[in-house]
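Novice: The file below is query.txt, compact mmCIF, C-alpha atoms:
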```
# COMPACT_ATOMS: atom_id res chain seq x y z
CA ASP Q 1 14.92 -8.46 -3.52
CA GLN Q 2 13.10 -5.15 -3.75
CA GLN Q 3 11.33 -4.61 -7.05
CA VAL Q 4 10.35 -1.04 -6.18
CA LYS Q 5 12.92 1.16 -4.51
CA GLN Q 6 12.69 4.57 -2.92
CA ASN Q 7 16.29 5.31 -2.07
CA SER Q 8 15.69 8.49 -0.09
CA PRO Q 9 14.08 7.72 3.27
CA SER Q 10 13.48 11.41 3.93
CA LEU Q 11 13.32 14.79 2.19
CA SER Q 12 13.03 18.28 3.62
CA VAL Q 13 11.94 21.29 1.54
CA GLN Q 14 10.88 24.86 2.17
CA GLU Q 15 7.25 25.87 1.75
CA GLY Q 16 6.59 27.16 -1.76
CA ARG Q 17 9.48 25.27 -3.32
CA ILE Q 18 9.35 22.12 -5.42
CA SER Q 19 9.43 18.67 -3.83
CA ILE Q 20 10.77 15.84 -6.00
CA LEU Q 21 10.32 12.29 -4.81
CA ASN Q 22 12.01 9.51 -6.75
CA CYS Q 23 11.27 5.85 -7.32
CA ASP Q 24 13.10 3.12 -9.27
CA TYR Q 25 11.81 -0.28 -10.30
CA THR Q 26 13.44 -3.39 -11.63
CA ASN Q 27 10.67 -5.33 -13.39
CA SER Q 28 10.12 -4.05 -16.92
CA MET Q 29 6.73 -5.79 -17.00
CA PHE Q 30 5.26 -3.26 -14.59
CA ASP Q 31 2.90 -1.09 -16.60
CA TYR Q 32 0.97 0.92 -14.05
CA PHE Q 33 2.41 3.09 -11.30
CA LEU Q 34 0.83 4.87 -8.38
CA TRP Q 35 1.78 7.26 -5.61
CA TYR Q 36 0.19 7.09 -2.19
CA LYS Q 37 0.44 9.53 0.70
CA LYS Q 38 0.31 8.44 4.32
CA TYR Q 39 -0.21 10.50 7.44
CA PRO Q 40 0.62 9.05 10.89
CA ALA Q 41 -2.02 6.71 12.30
CA GLU Q 42 -3.89 6.65 8.99
CA GLY Q 43 -3.90 4.30 6.01
CA PRO Q 44 -2.23 5.28 2.74
CA THR Q 45 -4.40 7.38 0.43
CA PHE Q 46 -4.20 7.32 -3.34
CA LEU Q 47 -2.63 10.43 -4.84
CA ILE Q 48 -1.91 10.01 -8.55
CA SER Q 49 -1.17 7.29 -11.07
CA ILE Q 50 0.34 6.83 -14.49
CA SER Q 51 0.11 4.15 -17.14
CA SER Q 52 3.23 3.03 -18.96
CA ILE Q 53 1.84 4.35 -22.24
CA LYS Q 54 2.31 7.86 -20.88
CA ASP Q 55 5.35 9.72 -19.64
CA LYS Q 56 3.57 12.39 -17.63
CA ASN Q 57 0.38 12.81 -15.68
CA GLU Q 58 -0.66 15.97 -13.89
CA ASP Q 59 -3.26 16.68 -11.22
CA GLY Q 60 -3.17 20.13 -9.74
CA ARG Q 61 0.07 20.62 -7.81
CA PHE Q 62 1.08 16.99 -8.37
CA THR Q 63 2.84 15.68 -11.48
CA VAL Q 64 4.21 12.20 -12.01
CA PHE Q 65 6.90 11.58 -14.63
CA LEU Q 66 7.75 8.14 -15.98
CA ASN Q 67 11.02 7.25 -17.72
CA LYS Q 68 10.57 3.66 -18.89
CA SER Q 69 14.05 3.27 -20.34
CA ALA Q 70 15.55 4.21 -16.98
CA LYS Q 71 12.83 2.36 -15.02
CA HIS Q 72 12.38 5.50 -13.00
CA LEU Q 73 9.47 7.62 -11.94
CA SER Q 74 9.23 10.78 -9.94
CA LEU Q 75 6.56 12.81 -8.18
CA HIS Q 76 6.79 16.58 -8.32
CA ILE Q 77 4.84 18.74 -5.90
CA VAL Q 78 4.72 22.44 -6.80
CA PRO Q 79 4.37 24.52 -4.75
CA SER Q 80 4.98 22.46 -1.61
CA GLN Q 81 2.78 23.18 1.39
CA PRO Q 82 3.19 22.22 5.07
CA GLY Q 83 0.11 19.99 4.74
CA ASP Q 84 2.03 17.90 2.21
CA SER Q 85 4.27 16.64 5.02
CA ALA Q 86 3.70 12.90 5.02
CA VAL Q 87 5.25 9.61 3.92
CA TYR Q 88 4.96 9.04 0.18
CA PHE Q 89 4.88 5.52 -1.23
CA CYS Q 90 5.54 4.58 -4.80
CA ALA Q 91 3.76 1.44 -6.05
CA ALA Q 92 3.87 -0.59 -9.24
CA SER Q 93 1.46 -3.05 -10.78
CA PHE Q 94 0.61 -5.06 -13.86
CA LEU Q 95 -2.26 -3.83 -16.00
CA MET Q 96 -2.45 -7.10 -17.90
CA ASN Q 97 -2.46 -10.48 -16.24
CA TYR Q 98 1.11 -11.59 -15.64
CA GLY Q 99 1.96 -14.77 -13.87
CA GLY Q 100 -1.22 -14.64 -11.81
CA SER Q 101 -0.14 -11.40 -10.22
CA GLN Q 102 -2.93 -9.22 -11.53
CA GLY Q 103 -4.22 -6.94 -8.85
CA ASN Q 104 -0.99 -6.88 -6.85
CA LEU Q 105 0.58 -3.58 -5.89
CA ILE Q 106 4.28 -3.71 -5.09
CA PHE Q 107 5.21 -0.87 -2.75
CA GLY Q 108 8.46 0.93 -2.10
CA LYS Q 109 9.42 1.59 1.51
CA GLY Q 110 8.43 5.23 1.37
CA THR Q 111 9.98 8.67 1.59
CA LYS Q 112 9.13 10.97 4.48
CA LEU Q 113 8.58 14.50 3.19
CA SER Q 114 8.82 17.45 5.57
CA VAL Q 115 7.71 20.84 4.27
CA LYS Q 116 8.92 23.63 6.51
CA PRO Q 117 7.03 26.94 6.76
CA ASP M 1 -19.08 6.94 2.19
CA ALA M 2 -17.52 5.42 5.30
CA GLY M 3 -14.47 4.10 3.53
CA VAL M 4 -12.73 0.88 4.53
CA ILE M 5 -13.40 0.06 8.17
CA GLN M 6 -10.99 -1.94 10.30
CA SER M 7 -11.29 -3.15 13.86
CA PRO M 8 -9.81 -3.07 16.35
CA ARG M 9 -7.53 -0.05 15.81
CA HIS M 10 -5.12 -1.30 18.43
CA GLU M 11 -4.57 -4.79 19.78
CA VAL M 12 -2.17 -5.83 22.50
CA THR M 13 -1.93 -9.52 23.23
CA GLU M 14 0.38 -12.06 24.76
CA MET M 15 2.43 -14.52 22.78
CA GLY M 16 0.50 -17.65 22.03
CA GLN M 17 -2.92 -16.01 21.96
CA GLU M 18 -5.21 -15.97 18.96
CA VAL M 19 -5.72 -12.62 17.25
CA THR M 20 -8.50 -11.76 14.82
CA LEU M 21 -8.44 -8.61 12.73
CA ARG M 22 -11.57 -7.46 10.92
CA CYS M 23 -12.25 -5.49 7.77
CA LYS M 24 -15.30 -4.09 6.03
CA PRO M 25 -14.49 -3.02 2.46
CA ILE M 26 -16.13 -0.20 0.55
CA SER M 27 -19.51 -1.31 -0.75
CA GLY M 28 -19.34 -2.41 -4.38
CA HIS M 29 -15.61 -3.06 -4.40
CA ASP M 30 -14.80 -6.57 -5.59
CA TYR M 31 -11.15 -6.78 -4.54
CA LEU M 32 -9.95 -6.94 -0.95
CA PHE M 33 -6.33 -6.90 0.19
CA TRP M 34 -4.54 -7.52 3.48
CA TYR M 35 -1.15 -5.84 4.00
CA ARG M 36 1.36 -5.79 6.81
CA GLN M 37 3.65 -2.83 7.44
CA THR M 38 6.90 -3.12 9.40
CA MET M 39 9.96 -0.91 9.58
CA MET M 40 12.16 -3.60 8.10
CA ARG M 41 10.02 -4.78 5.21
CA GLY M 42 7.69 -1.86 4.52
CA LEU M 43 4.23 -2.60 3.13
CA GLU M 44 3.85 -6.26 2.19
CA LEU M 45 0.84 -7.86 0.55
CA LEU M 46 -0.31 -10.87 2.54
CA ILE M 47 -3.33 -12.06 0.59
CA TYR M 48 -6.00 -10.73 -1.72
CA PHE M 49 -9.53 -11.75 -2.65
CA ASN M 50 -11.59 -11.19 -5.76
CA ASN M 51 -15.34 -11.61 -5.38
CA ASN M 52 -14.76 -13.24 -1.96
CA VAL M 53 -12.40 -15.86 -3.41
CA PRO M 54 -8.73 -15.90 -2.32
CA ILE M 55 -6.60 -15.31 -5.40
CA ASP M 56 -3.06 -15.06 -4.10
CA ASP M 57 -1.96 -15.96 -0.57
CA SER M 58 1.72 -16.31 -1.34
CA GLY M 59 2.50 -13.41 0.99
CA MET M 60 1.05 -15.11 4.05
CA PRO M 61 4.15 -15.71 6.18
CA GLU M 62 3.23 -18.97 7.87
CA ASP M 63 0.44 -21.42 8.53
CA ARG M 64 -0.27 -19.46 11.68
CA PHE M 65 -1.88 -16.85 9.44
CA SER M 66 -5.26 -17.39 7.81
CA ALA M 67 -7.76 -15.12 6.10
CA LYS M 68 -11.40 -15.51 5.17
CA MET M 69 -13.98 -13.53 3.31
CA PRO M 70 -17.38 -15.10 4.01
CA ASN M 71 -19.26 -12.37 2.14
CA ALA M 72 -18.68 -9.23 0.12
CA SER M 73 -18.80 -6.95 3.16
CA PHE M 74 -16.55 -8.70 5.66
CA SER M 75 -13.11 -10.26 5.94
CA THR M 76 -10.96 -11.51 8.79
CA LEU M 77 -7.26 -12.08 9.23
CA LYS M 78 -6.45 -14.52 12.02
CA ILE M 79 -3.10 -15.26 13.65
CA GLN M 80 -2.95 -18.35 15.81
CA PRO M 81 -0.80 -18.60 17.83
CA SER M 82 0.60 -15.08 17.78
CA GLU M 83 4.30 -14.35 18.22
CA PRO M 84 6.20 -11.12 19.07
CA ARG M 85 7.53 -10.92 15.49
CA ASP M 86 3.95 -10.52 14.27
CA SER M 87 3.88 -7.06 15.82
CA ALA M 88 3.13 -4.66 12.98
CA VAL M 89 0.42 -2.48 11.49
CA TYR M 90 -2.04 -4.50 9.43
CA PHE M 91 -3.95 -2.73 6.68
CA CYS M 92 -6.98 -3.80 4.75
CA ALA M 93 -7.66 -2.22 1.35
CA SER M 94 -10.34 -2.59 -1.29
CA SER M 95 -10.65 -1.64 -4.94
CA LEU M 96 -13.16 -1.67 -7.75
CA ASN M 97 -11.11 -3.45 -10.36
CA ARG M 98 -7.77 -5.15 -10.86
CA GLY M 99 -6.32 -3.78 -7.63
CA HIS M 100 -5.57 -0.33 -8.98
CA GLU M 101 -6.26 2.71 -6.85
CA GLN M 102 -6.79 0.73 -3.71
CA TYR M 103 -8.51 2.39 -0.79
CA PHE M 104 -6.94 1.63 2.55
CA GLY M 105 -8.43 1.38 5.99
CA PRO M 106 -6.81 3.11 8.99
CA GLY M 107 -4.97 -0.05 10.01
CA THR M 108 -4.75 -2.20 13.14
CA ARG M 109 -1.64 -1.77 15.23
CA LEU M 110 -0.85 -5.19 16.70
CA THR M 111 1.55 -5.62 19.59
CA VAL M 112 2.40 -9.14 20.74
CA THR M 113 4.30 -9.27 24.03
```
Output the file's structure as structure tokens, nothing else.
Specialist:
Amino acid sequence: DQQVKQNSPSLSVQEGRISILNCDYTNSMFDYFLWYKKYPAEGPTFLISISSIKDKNEDGRFTVFLNKSAKHLSLHIVPSQPGDSAVYFCAASFLMNYGGSQGNLIFGKGTKLSVKP
Amino acid sequence: DAGVIQSPRHEVTEMGQEVTLRCKPISGHDYLFWYRQTMMRGLELLIYFNNNVPIDDSGMPEDRFSAKMPNASFSTLKIQPSEPRDSAVYFCASSLNRGHEQYFGPGTRLTVT
């Protein structure tokens, strides 16, 4: 049973437009969320995170929004650039110890973003 | 900063052989994680260590899998005997605290024929 779901396996957008990547989770005890970006033949790299006490976090072109009531988060990339083409993983974690699972990151299966020039 | 180092980058072996994957975490990081990535299951946590001590190995699929961390700068993931269904990309990651903002190595692509 997937606790973190990325329902869109792929997304294609035009350069300069907004990319919106979505993620849903089922465990309401998750209180820290992260986005990772992965290029082929490389490991995932950390992009941006958000704590459950916030509903928005911004870092340059990247903004993550968290809707706790809907158990949904999204990553906005504005403007999108061809170099943003990669697989994006959403991950969730527990900030406080919970059932011995502190330190675990639960990953979604990823969304492949293609930004076309 | 060299980042997380994994070796080998690629490993091709025959079913039944022993496979050992290696990882050097970022200096000063006290958490180390082993993940496996497959098309079917995505990124799965296999085991993680805190200060060289295994904390949670519930993700290790079978007794054929074992992991060690003899010191703060080295960890191994061993599969013995290997099977074709173990074919995957194996990632090692490290972090400074509580597993947040983990830094991943480039991965080892394992093919078992």
Novice: Residues at most 8 Å from range 13-19 of chain M, counting all atoms listed in the file, excluding those fewer than 3 positions away in the same chain, as a list in words?
Specialist: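 Those residues are Lys78, Ile79, Gln80, Pro81, Ser82, Glu83, Pro84, Leu110, Thr111, Val112 and Thr113 of chain M.
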Novice: State, in Å with one decimal place, the distance from CA of Gln6 in chain M to CA of Gln37 in chain M.
Specialist: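 The value is 14.9 Å.
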Novice: Could you please select, counting all atoms listed in the file, the residues of chain M within 9 Å of chain Q and state them as number ranges by chain?
Specialist: M: 31, 33, 39-45, 48, 55-56, 91-93, 97-107, 109
Novice: Show me, as a ChimeraX atom specification, the residues that have an atom within 7 Å of range 59-62 of chain M when counting all atoms listed in the file, minus same-chain residues fewer than 3 positions from it.
Specialist: /M:45-47,65
Novice: With only C-alpha atoms as the atoms that count, which of M:Val12, M:Pro25, M:Leu32, M:Ser95 lies nearest to Ala67 in chain M?
Specialist: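 Looking only at the distances to Ala67 in chain M, the closest residue turns out to be M:Leu32.
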Novice: Could you give me, as a list in words, the residues within 9 Å of Val53 in chain M, counting all atoms listed in the file and dropping anything in the same chain fewer than 2 positions from it?
Specialist: Tyr48, Phe49, Asn50, Asn51, Ile55, Lys68, Met69 and Pro70 of chain M
Novice: Record the distance separating CA of Asn57 in chain Q and CA of Ser27 in chain M, expressed in Å with one decimal.
Specialist: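 Rounded to one decimal, the two atoms are 28.6 Å apart.
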Novice: My list of candidates is Q:Leu11, Q:Lys5, Q:Asn27, Q:His76. Which is closest to Asp59 in chain Q when distances are computed with all atoms listed in the file?
Specialist: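 That would be Q:His76, the residue with the smallest distance to Asp59 in chain Q.
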Novice: Quote the spacing between CA of Thr38 in chain M and CA of Ala88 in chain M in Å to one decimal place.
Specialist: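 CA of Ala88 in chain M lies at a distance of 5.4 Å from CA of Thr38 in chain M.
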Novice: Have a look at Q:Ile20, Q:Leu66, Q:Val4, Q:Leu73 and name the one nearest to Leu113 in chain Q; count only C-alpha atoms.
Specialist: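 Going through Q:Ile20, Q:Leu66, Q:Val4, Q:Leu73 one by one, the smallest distance to Leu113 in chain Q is for Q:Ile20.
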